[in-house]
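S.K.: Please find one structure pasted underneath; my questions will follow.
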Amino acid sequence: MGNTNHEELFVGTAEIDGRSLAVTVAVTFDDVEHVGHLWFRDSEWDEDEGVRDHGALPGRSPHEILSLAQGLSLHDLALRYRRAQAERRRFHGLRRLTQDVLAQIRYLNRVATSMRAGLLDIDEAAAEIASTEQRLYDMVGQLRHYAGVPT
């Protein structure tokens, strides 16, 4: 069982406010539906830096969300980018890492619940739980690098 809780898909490139922005959609599965959020990144920014639109794109699959995102007009993308800029969090790196930690915790719970329900082989689930715990441990170790650092 692999961790497919978070997936980032390339939407395209858009010229907005004099910037050439790579647009991606980050898709997560919340146990009910897939939910996508647009990310805007300028090639002049640091690799990890980007601006996330807090508006959601819900769908039945990552492919459906990608199609929705690719169907947005340049005008719609510009509006979403400007909204994302206006709502931009100062401590974005810490926020993103925190969201990743929460996603791993949710995944850990799903694996453990599936194992207890007899849906997963105990040895396979135990290995996946150990792997997920190690990822969480590594992520927590990164928190100090992002705390108090505005982006």
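How things are named: the first chain in the structure tokens is A, the next is B, and so on; residues count from 1 in each chain; ligands count from 1 in the order shown.
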Let's see if you can do this: from backbone DSSP, list all helix (DSSP H, G or I) residues in chain A, as an MDAnalysis selection string.
M.R.: chainID A and resid 62:70 74:86 92:116 122:146
S.K.: List as a PyMOL selection string the protein and nucleic acid residues near A:Thr13, meaning an atom at most 7 Å away when only C-alpha atoms are counted, but skip any in the same chain fewer than 5 places from it.
M.R.: chain A and resi 20-23
S.K.: Considering only C-alpha atoms, give me a table of residues in stretch 19-59 of chain A that are at most 12 Å from stretch 104-114 of chain A, with the closest atom pair and distance in Å for each, as CSV.
M.R.:
residue,atom,partner,partner_atom,distance
A:Thr28,CA,A:Tyr107,CA,11.1
A:Phe29,CA,A:Tyr107,CA,10.0
A:Asp30,CA,A:Arg106,CA,8.7
A:Asp31,CA,A:Arg110,CA,9.1
S.K.: Restricting it to C-alpha atoms, dump the selection as a JSON list (two decimals), in the first residue's frame.
M.R.:
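Ended up saving to part37.json:
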[["chain", "number", "residue", "atom", "x", "y", "z"],
["A", 28, "THR", "CA", -5.11, 15.36, -1.72],
["A", 29, "PHE", "CA", -7.70, 12.74, -0.84],
["A", 30, "ASP", "CA", -9.65, 13.42, 2.35],
["A", 31, "ASP", "CA", -11.36, 10.00, 2.51]]
S.K.: Which residues come within 12 Å of A:Asp138, counting only C-alpha atoms, excluding same-chain residues fewer than 6 positions away, as a ChimeraX atom specification?
M.R.: /A:97,100-101,104,131-132,144
S.K.: Counting only C-alpha atoms, which of A:Leu72, A:Ile122, A:Ile16, A:Leu57 gets nearest to A:Asp42?
M.R.: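 Once distances to A:Asp42 are computed over only C-alpha atoms, the minimum belongs to A:Ile16.
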S.K.: Write out as a ChimeraX atom specification the residues lying within 12 Å of A:Ser67, counting only C-alpha atoms and excluding same-chain residues fewer than 2 positions away.
M.R.: /A:9-12,24-25,36,57-65,69-72
S.K.: Have a look at A:Leu38, A:Ala125, A:Leu119, A:Ala147 and name the one nearest to A:His92; count only C-alpha atoms.
M.R.: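 Between A:Leu38, A:Ala125, A:Leu119, A:Ala147, the residue approaching A:His92 most closely is A:Ala147.
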S.K.: Quick one: of A:Glu87, A:Glu128, A:Glu15, A:Glu133, who's nearest to A:Leu74, counting only C-alpha atoms?
M.R.: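 For A:Leu74, the nearest of the candidates is A:Glu15.
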S.K.: Need to verify the contact set: A:Arg52, 10 Å, only C-alpha atoms, exclusion of same-chain residues closer than 3 positions in sequence. Can you return it as a list in words?
M.R.: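 So the residues in contact are Val23, Thr24, Val25, Ala26, His37, Leu38, Trp39, Phe40, Arg41, Glu49, Gly55, Arg80, Tyr81, Arg83, Ala84, Gln85, Glu87, Arg88, Arg89, His92 and Arg96 of chain A.
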